[in-house]
file protein30.cif (mmCIF, C-alpha atoms and all ligand atoms)
data_run
loop_
_atom_site.label_atom_id
_atom_site.label_comp_id
_atom_site.auth_asym_id
_atom_site.auth_seq_id
_atom_site.Cartn_x
_atom_site.Cartn_y
_atom_site.Cartn_z
CA MET J 1 -27.94 168.35 76.45
CA LYS J 2 -28.79 168.03 80.12
CA VAL J 3 -27.18 165.06 81.84
CA LYS J 4 -28.00 164.01 85.41
CA MET J 5 -24.75 163.23 87.22
CA GLU J 6 -23.84 162.51 90.85
CA GLU J 7 -22.46 166.03 91.27
CA GLY J 8 -25.66 167.52 89.78
CA GLU J 9 -26.98 168.32 86.34
CA LYS J 10 -24.38 169.08 83.61
CA ASP J 11 -24.67 170.46 80.11
CA LEU J 12 -22.74 168.18 77.72
CA LYS J 13 -22.20 167.93 73.99
CA ALA J 14 -21.86 164.62 72.13
CA VAL J 15 -18.51 165.67 70.60
CA TRP J 16 -16.20 168.69 70.93
CA MET J 17 -12.61 169.81 70.29
CA ASP J 18 -10.28 170.74 73.13
CA ASP J 19 -6.58 171.58 72.81
CA ASN J 20 -6.42 170.00 69.33
CA LYS J 21 -7.88 166.74 70.64
CA VAL J 22 -11.32 165.50 69.59
CA LYS J 23 -13.37 164.42 72.58
CA MET J 24 -16.68 162.63 72.63
CA ILE J 25 -19.10 160.69 74.79
CA ASP J 26 -18.40 157.01 74.08
CA GLN J 27 -21.99 156.05 73.32
CA ARG J 28 -21.30 152.30 73.42
CA PHE J 29 -21.40 152.35 77.23
CA LEU J 30 -24.63 154.31 77.75
CA PRO J 31 -26.86 154.23 79.70
CA SER J 32 -24.94 152.27 82.35
CA GLU J 33 -21.69 154.27 82.17
CA LEU J 34 -20.86 157.78 81.02
CA LYS J 35 -17.39 157.38 79.49
CA PHE J 36 -15.44 159.67 77.19
CA TYR J 37 -13.10 158.93 74.30
CA THR J 38 -10.26 161.15 73.10
CA ALA J 39 -9.15 160.87 69.48
CA GLY J 40 -5.50 161.82 69.02
CA ASP J 41 -5.36 161.50 65.24
CA TYR J 42 -7.37 160.64 62.13
CA LYS J 43 -7.00 156.89 62.71
CA ASP J 44 -8.72 157.28 66.07
CA ILE J 45 -11.45 159.34 64.38
CA HIS J 46 -12.01 156.56 61.84
CA LYS J 47 -12.17 154.01 64.67
CA ALA J 48 -14.60 156.12 66.73
CA ILE J 49 -17.02 156.42 63.78
CA LYS J 50 -16.68 152.82 62.58
CA LYS J 51 -17.08 151.29 66.04
CA MET J 52 -19.97 153.66 66.75
CA MET J 53 -18.49 155.39 69.79
CA VAL J 54 -20.09 158.35 68.04
CA ARG J 55 -23.01 157.77 65.70
CA GLY J 56 -25.97 159.54 64.12
CA ALA J 57 -25.49 161.34 60.82
CA PRO J 58 -24.88 164.97 61.95
CA ALA J 59 -22.64 163.91 64.88
CA ILE J 60 -20.61 161.71 62.53
CA GLY J 61 -20.23 164.76 60.26
CA VAL J 62 -19.05 167.01 63.09
CA THR J 63 -16.59 164.35 64.32
CA ALA J 64 -15.19 164.07 60.80
CA ALA J 65 -14.86 167.87 60.56
CA TYR J 66 -12.93 168.00 63.85
CA GLY J 67 -10.81 165.02 62.72
CA MET J 68 -9.94 166.80 59.49
CA ALA J 69 -9.00 169.96 61.42
CA GLN J 70 -6.77 167.95 63.71
CA ALA J 71 -5.07 166.22 60.76
CA ILE J 72 -4.45 169.56 59.02
CA ILE J 73 -2.80 170.94 62.18
CA GLN J 74 -0.74 167.75 62.44
CA GLU J 75 0.35 168.29 58.81
CA LYS J 76 -0.91 164.90 57.63
CA LYS J 77 -1.48 164.19 53.92
CA ILE J 78 -4.94 165.60 53.85
CA GLU J 79 -6.32 163.86 50.73
CA LYS J 80 -5.35 160.49 52.23
CA VAL J 81 -6.88 161.44 55.58
CA ALA J 82 -10.09 162.52 53.83
CA GLU J 83 -10.44 159.16 52.07
CA HIS J 84 -9.71 157.24 55.27
CA ILE J 85 -12.26 159.14 57.33
CA LYS J 86 -14.89 158.85 54.57
CA SER J 87 -14.45 155.07 54.50
CA ALA J 88 -15.58 154.71 58.14
CA ARG J 89 -19.31 154.31 57.36
CA PRO J 90 -21.10 154.42 53.97
CA THR J 91 -24.67 155.63 54.52
CA ALA J 92 -24.68 158.92 56.49
CA TYR J 93 -24.31 161.70 53.94
CA ASP J 94 -23.14 164.23 56.54
CA LEU J 95 -19.82 162.37 56.75
CA PHE J 96 -19.01 163.14 53.10
CA ASN J 97 -20.42 166.64 53.34
CA ALA J 98 -18.26 167.49 56.36
CA VAL J 99 -15.05 166.14 54.84
CA GLU J 100 -15.63 168.11 51.60
CA PHE J 101 -16.42 171.23 53.65
CA MET J 102 -13.09 170.91 55.46
CA LEU J 103 -11.16 170.35 52.22
CA ASP J 104 -12.66 173.65 50.99
CA HIS J 105 -11.81 175.49 54.26
CA ALA J 106 -8.36 174.14 55.10
CA GLU J 107 -6.69 177.54 55.75
CA LYS J 108 -8.25 178.03 59.20
CA PRO J 109 -9.13 174.44 60.07
CA VAL J 110 -10.13 174.74 63.73
CA LYS J 111 -12.34 177.75 63.09
CA ALA J 112 -13.90 175.98 60.09
CA ALA J 113 -14.66 172.84 62.12
CA GLU J 114 -16.07 174.91 65.00
CA ASP J 115 -18.24 176.83 62.52
CA TYR J 116 -19.43 173.56 61.01
CA ALA J 117 -20.35 172.24 64.48
CA SER J 118 -22.13 175.44 65.60
CA ASN J 119 -24.05 175.47 62.35
CA VAL J 120 -25.29 171.93 62.95
CA ILE J 121 -26.38 172.86 66.48
CA GLU J 122 -28.17 175.99 65.30
CA LYS J 123 -29.90 174.09 62.47
CA CYS J 124 -31.12 171.50 64.97
CA ARG J 125 -32.46 174.24 67.24
CA LYS J 126 -34.43 175.65 64.30
CA ILE J 127 -35.68 172.16 63.39
CA GLY J 128 -36.96 172.03 66.96
CA GLU J 129 -38.71 175.39 66.64
CA HIS J 130 -40.45 174.45 63.38
CA GLY J 131 -41.23 170.87 64.36
CA SER J 132 -42.68 171.78 67.74
CA GLU J 133 -45.56 173.49 65.89
CA LEU J 134 -46.66 170.05 64.69
CA ILE J 135 -46.99 168.76 68.24
CA GLU J 136 -50.31 169.26 70.05
CA ASN J 137 -50.84 169.13 73.78
CA GLU J 138 -51.25 165.49 74.93
CA ASP J 139 -49.76 164.07 71.70
CA ARG J 140 -48.22 160.62 71.82
CA ILE J 141 -45.21 160.54 69.54
CA LEU J 142 -43.33 157.50 68.21
CA THR J 143 -39.62 157.74 67.36
CA HIS J 144 -37.14 155.17 66.08
CA CYS J 145 -33.42 154.82 66.84
CA ASN J 146 -31.69 157.86 68.36
CA ALA J 147 -31.98 161.15 66.52
CA GLY J 148 -31.29 163.18 69.63
CA ALA J 149 -28.46 165.34 70.94
CA LEU J 150 -26.13 162.33 70.99
CA ALA J 151 -26.67 161.97 67.24
CA THR J 152 -26.25 165.65 66.39
CA VAL J 153 -23.97 167.26 69.05
CA ASP J 154 -26.95 169.02 70.67
CA TYR J 155 -30.80 169.22 70.50
CA GLY J 156 -31.18 166.40 67.95
CA THR J 157 -33.31 166.27 64.82
CA ALA J 158 -36.33 164.09 65.65
CA LEU J 159 -35.91 164.85 69.37
CA ALA J 160 -35.51 168.63 68.92
CA PRO J 161 -39.25 169.31 68.32
CA ILE J 162 -40.04 167.00 71.24
CA ARG J 163 -37.57 168.87 73.54
CA ILE J 164 -38.95 172.27 72.57
CA ALA J 165 -42.62 171.21 72.77
CA SER J 166 -41.93 169.89 76.26
CA GLU J 167 -40.00 173.04 77.31
CA ARG J 168 -43.02 175.08 76.19
CA GLY J 169 -45.24 173.18 78.56
CA LYS J 170 -46.92 170.73 76.17
CA ASP J 171 -47.86 167.55 77.94
CA ILE J 172 -46.52 164.81 75.64
CA HIS J 173 -45.54 161.15 75.79
CA VAL J 174 -42.83 159.59 73.63
CA PHE J 175 -42.92 155.96 72.52
CA VAL J 176 -39.29 154.86 72.04
CA ASP J 177 -38.62 151.89 69.77
CA GLU J 178 -35.83 149.86 71.35
CA THR J 179 -34.17 149.62 67.87
CA ARG J 180 -32.52 146.26 67.48
CA PRO J 181 -29.77 145.25 67.16
CA ARG J 182 -27.75 148.04 68.83
CA LEU J 183 -30.64 149.39 70.88
CA GLN J 184 -30.04 153.08 70.18
CA GLY J 185 -33.66 153.76 71.18
CA ALA J 186 -33.66 151.93 74.51
CA ARG J 187 -30.09 152.90 75.43
CA LEU J 188 -29.72 156.42 74.05
CA THR J 189 -33.09 158.03 73.28
CA ALA J 190 -34.57 156.86 76.58
CA TRP J 191 -31.41 158.14 78.37
CA GLU J 192 -31.81 161.58 76.79
CA LEU J 193 -35.54 161.76 77.58
CA HIS J 194 -34.91 160.59 81.14
CA ASN J 195 -32.27 163.32 81.59
CA GLU J 196 -34.68 165.94 80.28
CA GLY J 197 -37.59 164.63 82.36
CA ILE J 198 -39.77 164.01 79.29
CA PRO J 199 -42.38 161.24 79.82
CA HIS J 200 -41.68 158.20 77.65
CA SER J 201 -42.06 154.42 77.34
CA VAL J 202 -39.58 152.07 75.70
CA ILE J 203 -41.32 149.50 73.50
CA VAL J 204 -39.95 146.54 71.55
CA ASP J 205 -39.64 147.24 67.85
CA ASN J 206 -42.48 144.84 67.11
CA ALA J 207 -44.95 146.74 69.31
CA SER J 208 -45.28 150.00 67.36
CA GLY J 209 -47.85 148.54 64.93
CA HIS J 210 -49.94 147.44 67.90
CA TYR J 211 -50.01 150.96 69.36
CA MET J 212 -50.67 152.59 65.99
CA PHE J 213 -53.58 150.23 65.26
CA ARG J 214 -55.11 150.99 68.67
CA GLY J 215 -55.00 154.73 68.04
CA GLU J 216 -52.43 155.31 70.79
CA ILE J 217 -49.91 157.16 68.60
CA ASP J 218 -50.69 160.58 67.08
CA LEU J 219 -47.46 161.37 65.26
CA VAL J 220 -44.22 159.69 64.15
CA ILE J 221 -40.97 161.68 63.92
CA VAL J 222 -37.66 160.09 62.85
CA GLY J 223 -34.26 161.33 61.75
CA THR J 224 -32.43 160.29 58.60
CA ASP J 225 -28.95 159.44 57.36
CA ARG J 226 -29.58 160.57 53.81
CA ILE J 227 -32.33 162.31 51.88
CA VAL J 228 -32.07 161.95 48.11
CA SER J 229 -33.38 163.92 45.18
CA ASN J 230 -36.79 162.22 44.81
CA GLY J 231 -37.53 162.57 48.55
CA ASP J 232 -36.73 158.97 49.53
CA ILE J 233 -34.73 158.61 52.74
CA ALA J 234 -32.44 156.09 54.42
CA ASN J 235 -32.72 155.67 58.18
CA LYS J 236 -32.15 153.02 60.82
CA ILE J 237 -33.37 149.56 59.86
CA GLY J 238 -37.07 149.25 60.65
CA THR J 239 -37.99 152.83 59.72
CA TYR J 240 -39.69 151.69 56.49
CA GLU J 241 -42.05 149.42 58.39
CA LYS J 242 -43.00 152.24 60.79
CA ALA J 243 -43.76 154.52 57.83
CA VAL J 244 -45.95 151.97 56.06
CA VAL J 245 -47.91 151.15 59.21
CA ALA J 246 -48.28 154.88 59.99
CA LYS J 247 -49.76 155.54 56.53
CA GLU J 248 -52.08 152.55 56.87
CA ASN J 249 -53.39 154.07 60.12
CA ASP J 250 -53.53 157.71 58.89
CA ILE J 251 -50.80 158.81 61.30
CA PRO J 252 -48.53 161.65 60.07
CA PHE J 253 -44.93 160.48 59.52
CA TYR J 254 -42.30 163.26 59.60
CA VAL J 255 -38.58 163.15 58.88
CA ALA J 256 -36.41 165.74 60.64
CA ALA J 257 -33.00 166.66 59.17
CA PRO J 258 -30.65 169.55 58.46
CA VAL J 259 -29.60 170.47 54.93
CA THR J 260 -26.26 168.68 55.44
CA THR J 261 -28.13 165.35 55.14
CA TYR J 262 -29.49 166.15 51.65
CA ASP J 263 -27.71 164.42 48.77
CA SER J 264 -28.94 165.98 45.54
CA SER J 265 -26.54 163.87 43.47
CA THR J 266 -28.37 160.62 44.26
CA GLU J 267 -31.68 160.15 42.45
CA THR J 268 -33.62 157.54 44.39
CA GLY J 269 -33.44 155.58 47.60
CA ARG J 270 -32.42 152.45 45.73
CA ASP J 271 -29.08 154.14 44.92
CA ILE J 272 -28.19 154.81 48.58
CA PRO J 273 -25.34 152.57 49.82
CA ILE J 274 -26.62 150.57 52.77
CA GLU J 275 -24.14 149.56 55.45
CA ASN J 276 -24.07 145.87 56.37
CA ARG J 277 -22.67 145.25 59.84
CA ASP J 278 -21.24 142.26 61.67
CA GLU J 279 -23.63 139.37 62.30
CA LYS J 280 -22.41 139.31 65.91
CA GLU J 281 -24.61 142.36 66.58
CA ILE J 282 -27.63 140.15 65.88
CA LYS J 283 -26.49 136.87 67.38
CA MET J 284 -24.87 138.03 70.61
CA ILE J 285 -26.30 139.94 73.56
CA ASN J 286 -23.91 140.83 76.40
CA ASN J 287 -21.39 138.30 75.03
CA SER J 288 -23.97 135.47 75.08
CA LEU J 289 -25.18 133.73 71.94
CA ILE J 290 -28.91 134.12 71.34
CA ALA J 291 -28.93 132.12 68.08
CA PRO J 292 -27.10 128.94 67.07
CA LYS J 293 -23.44 129.73 66.44
CA ASP J 294 -23.62 128.27 62.95
CA SER J 295 -26.82 130.03 61.83
CA PRO J 296 -25.90 132.81 59.44
CA ALA J 297 -27.42 136.24 60.16
CA ARG J 298 -27.87 139.35 58.05
CA ASN J 299 -27.49 142.80 59.51
CA PRO J 300 -28.31 145.77 57.24
CA ALA J 301 -28.01 148.88 59.44
CA PHE J 302 -30.43 151.02 57.40
CA ASP J 303 -33.45 150.75 55.13
CA VAL J 304 -35.05 153.06 52.61
CA THR J 305 -38.42 154.72 53.13
CA PRO J 306 -39.93 155.89 49.83
CA ALA J 307 -41.15 159.51 49.65
CA GLU J 308 -44.80 158.43 49.29
CA TYR J 309 -44.85 157.45 52.99
CA ILE J 310 -43.41 160.76 54.21
CA SER J 311 -45.89 163.46 55.28
CA GLY J 312 -43.17 166.11 55.44
CA PHE J 313 -39.58 167.07 56.16
CA ILE J 314 -38.84 169.21 59.21
CA THR J 315 -35.76 171.26 58.35
CA GLU J 316 -34.03 174.38 59.64
CA LYS J 317 -35.85 176.29 56.89
CA GLY J 318 -39.34 175.08 57.73
CA ILE J 319 -41.56 172.10 56.95
CA PHE J 320 -41.74 170.83 53.37
CA SER J 321 -43.38 168.03 51.42
CA PRO J 322 -41.13 165.59 49.52
CA SER J 323 -42.00 167.28 46.19
CA GLU J 324 -40.80 170.68 47.52
CA LEU J 325 -37.39 169.36 48.60
CA ASP J 326 -35.26 170.40 45.65
CA ASP J 327 -36.46 174.03 45.77
CA MET J 328 -36.04 174.20 49.52
CA PHE J 329 -32.51 172.82 49.76
O1 LIG R 1 -26.33 153.50 63.07
P1 LIG R 1 -26.61 154.83 63.69
O2 LIG R 1 -26.86 154.78 65.15
O3 LIG R 1 -25.55 155.85 63.31
O4 LIG R 1 -27.96 155.30 63.02
C1 LIG R 1 -28.49 156.54 63.32
C2 LIG R 1 -29.81 156.81 62.70
O5 LIG R 1 -30.35 156.00 61.98
C3 LIG R 1 -30.40 158.17 62.93
O6 LIG R 1 -31.80 158.12 62.89
C4 LIG R 1 -29.90 159.13 61.85
O7 LIG R 1 -28.51 159.11 61.74
C5 LIG R 1 -30.34 160.51 62.10
S1 LIG R 1 -29.49 161.21 63.47
C6 LIG R 1 -30.09 162.74 63.74
#
call {"tool": "encode", "arguments": {"input": "protein30.cif", "output": "C-alpha cells", "more": "lines below"}}
Ligand code: MRU
result
Amino acid sequence: MKVKMEEGEKDLKAVWMDDNKVKMIDQRFLPSELKFYTAGDYKDIHKAIKKMMVRGAPAIGVTAAYGMAQAIIQEKKIEKVAEHIKSARPTAYDLFNAVEFMLDHAEKPVKAAEDYASNVIEKCRKIGEHGSELIENEDRILTHCNAGALATVDYGTALAPIRIASERGKDIHVFVDETRPRLQGARLTAWELHNEGIPHSVIVDNASGHYMFRGEIDLVIVGTDRIVSNGDIANKIGTYEKAVVAKENDIPFYVAAPVTTYDSSTETGRDIPIENRDEKEIKMINNSLIAPKDSPARNPAFDVTPAEYISGFITEKGIFSPSELDDMF
C-alpha cells in the first residue's frame, strides 16, 4: 500500500517477516502516528492480535502464520503455540485456517508462511480485478470498518475493487463509516484512501441510512471475518444494519473475501462465535469517560448478516451468489 511520509511516498505492507522477527504496522496509533511493532515470539504474536495492533481477518491469518513459523524455528512446543495463537480472537476464521496450514507445512516454516502471505496478497488482487467490474464511473460506494490493505497485508478485500477501479480512471467517491467503537473506518480506511488519493467522506455510523434513503449511495462493499455454509457472514458490528437498509433501498450489497475466510464446517451465522470486547472501548474516548462510570456497556465486536441480504460474494475466483458458495469454494 502507498503511504505518504515526510521523506516521500513509500510502499508498505501491514505485516511481514524479517530476520525471523515478525514486524507489523501498529494500527492502534493510526492515523496520527505510523509506529511499528516487532514480535519476538508467539506470546508477542498473541498480544499483537488480541490487542489489535494487527487486525482484519486475512492480516490476522498472515500474522499467525508468521508467528507459527517463528515458533517452529525457535523449537517451541508447536501444538501448545498453535492453541495459544488461536485463542487470541474467536471470530476471524483466517486465524484458524492459517494455524492449521502451518501445522501441515512445518518442514519449511518460513517458506510456508511466506507462501501463505503471498497467496493472500494475490487473492486480494484478484478480488480487486473481479470487484472493479461492479463499479461504474461516478459510483458512490459505502464501506464499513477497514477491509483494506491494513486488514489483509496488501490491496484489501472491500477496498481492492475500489483501488483498482480508481487506478483505471473511474471517478468514484467512497463513504466511510466511522465504525464505532474502535473507529477502524475513520482511522484506517480513511487513512488508506487519503494515501491513495481516492475521494472519500467519513460519516458517522448513524448517517449511512440517511444517504441510502436519499439515493446518494449506489453500492455497498464490505469485508468479512467468516463466511459459513449457508452464505451468512460475520463482520464488524453494524454491518447487518447496513445490509438491511441497503436491501430496503434496492442498493446492491457485496461481501468481498478470499477463500481462507470460508468456514464450511459451520452451518449458519447463528453458530459463529462472536467476540465480546471490553466495555472501556465504548465508555472511554481518549482516556475520558463518555458514559457514567457505573453504567454497564455491552461491546460485541461483530454481527451476523444473513445470506438473504447479500447480493453477491466477490472472491478471487469471481463473483458468486450465496447459493453458489459451496460449489465455488
Ligand atoms: O475487529 P477488526 O478490526 O479485526 O474487524 C475487522 C473487520 O470486521 C473486517 O471487515 C474483516 O476482518 C474483513 S478484513 C478484510
call {"tool": "residues_around", "arguments": {"input": "protein30.cif", "residues": "Asp18 (chain J)", "least_positions_apart": "3", "cutoff": "12 Å", "atoms": "all atoms listed in the file", "output": "MDAnalysis selection string"}}
result
chainID J and resid 15 21:24 38:40 66:67 69:70 110 114
call {"tool": "residues_near_ligand", "arguments": {"input": "protein30.cif", "ligand": "ligand LIG 1 (chain R)", "cutoff": "7 Å", "atoms": "all atoms listed in the file", "output": "number ranges by chain"}}
result
J: 52, 55-58, 92, 144-148, 151-152, 156-158, 184, 222-225, 235-236, 257, 301-302
call {"tool": "closest_residue", "arguments": {"input": "protein30.cif", "among": "J:Gly231, J:Pro181, J:Gly312, J:Gly318", "to": "Ala297 (chain J)", "atoms": "only C-alpha atoms"}}
result
J:Pro181
call {"tool": "atom_distance", "arguments": {"input": "protein30.cif", "atom1": "CA of Asp294 (chain J)", "atom2": "CA of Lys51 (chain J)"}}
result
24.1 Å
call {"tool": "atom_distance", "arguments": {"input": "protein30.cif", "atom1": "CA of Ile282 (chain J)", "atom2": "CA of Thr179 (chain J)"}}
result
11.7 Å
call {"tool": "atom_distance", "arguments": {"input": "protein30.cif", "atom1": "CA of Tyr309 (chain J)", "atom2": "CA of Lys247 (chain J)"}}
result
6.3 Å
call {"tool": "closest_residue", "arguments": {"input": "protein30.cif", "among": "J:Val174, J:Ile310, J:Ala59, J:Ile217", "to": "Trp16 (chain J)", "atoms": "all atoms listed in the file"}}
result
J:Ala59
call {"tool": "residues_around", "arguments": {"input": "protein30.cif", "residues": "Met1 (chain J)", "least_positions_apart": "3", "cutoff": "12 Å", "atoms": "all atoms listed in the file", "output": "compact mmCIF listing (two decimals) with C-alpha atoms, keeping the file's coordinate frame"}}
result
# COMPACT_ATOMS: atom_id res chain seq x y z
CA LYS J 4 -28.00 164.01 85.41
CA GLU J 9 -26.98 168.32 86.34
CA LYS J 10 -24.38 169.08 83.61
CA ASP J 11 -24.67 170.46 80.11
CA LEU J 12 -22.74 168.18 77.72
CA LYS J 13 -22.20 167.93 73.99
CA ALA J 14 -21.86 164.62 72.13
CA VAL J 15 -18.51 165.67 70.60
CA ILE J 25 -19.10 160.69 74.79
CA ILE J 121 -26.38 172.86 66.48
CA ARG J 125 -32.46 174.24 67.24
CA GLY J 148 -31.29 163.18 69.63
CA ALA J 149 -28.46 165.34 70.94
CA LEU J 150 -26.13 162.33 70.99
CA ALA J 151 -26.67 161.97 67.24
CA THR J 152 -26.25 165.65 66.39
CA VAL J 153 -23.97 167.26 69.05
CA ASP J 154 -26.95 169.02 70.67
CA TYR J 155 -30.80 169.22 70.50
CA GLY J 156 -31.18 166.40 67.95
CA LEU J 159 -35.91 164.85 69.37
CA ALA J 160 -35.51 168.63 68.92
CA ARG J 163 -37.57 168.87 73.54
CA THR J 189 -33.09 158.03 73.28
CA TRP J 191 -31.41 158.14 78.37
CA GLU J 192 -31.81 161.58 76.79
CA LEU J 193 -35.54 161.76 77.58
CA HIS J 194 -34.91 160.59 81.14
CA ASN J 195 -32.27 163.32 81.59
CA GLU J 196 -34.68 165.94 80.28
CA GLY J 197 -37.59 164.63 82.36
call {"tool": "residues_around", "arguments": {"input": "protein30.cif", "residues": "Met328 (chain J)", "least_positions_apart": "5", "cutoff": "12 Å", "atoms": "all atoms listed in the file", "output": "ChimeraX atom specification"}}
result
/J:229,231,258-259,262,264,313-323
call {"tool": "residues_around", "arguments": {"input": "protein30.cif", "residues": "Asp26 (chain J)", "least_positions_apart": "5", "cutoff": "8 Å", "atoms": "all atoms listed in the file", "output": "PyMOL selection string"}}
result
chain J and resi 34-37+53-54
call {"tool": "write_last_selection", "arguments": {"input": "protein30.cif", "atoms": "C-alpha atoms", "output": "tab-separated table (two decimals), in the frame of the given file"}}
result
chain	number	residue	atom	x	y	z
J	34	LEU	CA	-20.86	157.78	81.02
J	35	LYS	CA	-17.39	157.38	79.49
J	36	PHE	CA	-15.44	159.67	77.19
J	37	TYR	CA	-13.10	158.93	74.30
J	53	MET	CA	-18.49	155.39	69.79
J	54	VAL	CA	-20.09	158.35	68.04
call {"tool": "residues_around", "arguments": {"input": "protein30.cif", "residues": "Ser201 (chain J)", "least_positions_apart": "2", "cutoff": "12 Å", "atoms": "only C-alpha atoms", "output": "VMD selection string"}}
result
chain J and resid 140 to 143 172 to 178 185 to 186 189 to 191 193 to 194 198 to 199 203 to 204 207 to 208 211
call {"tool": "closest_residue", "arguments": {"input": "protein30.cif", "among": "J:His200, J:Arg277, J:Lys108, J:Arg187", "to": "Asp171 (chain J)", "atoms": "only C-alpha atoms"}}
result
J:His200
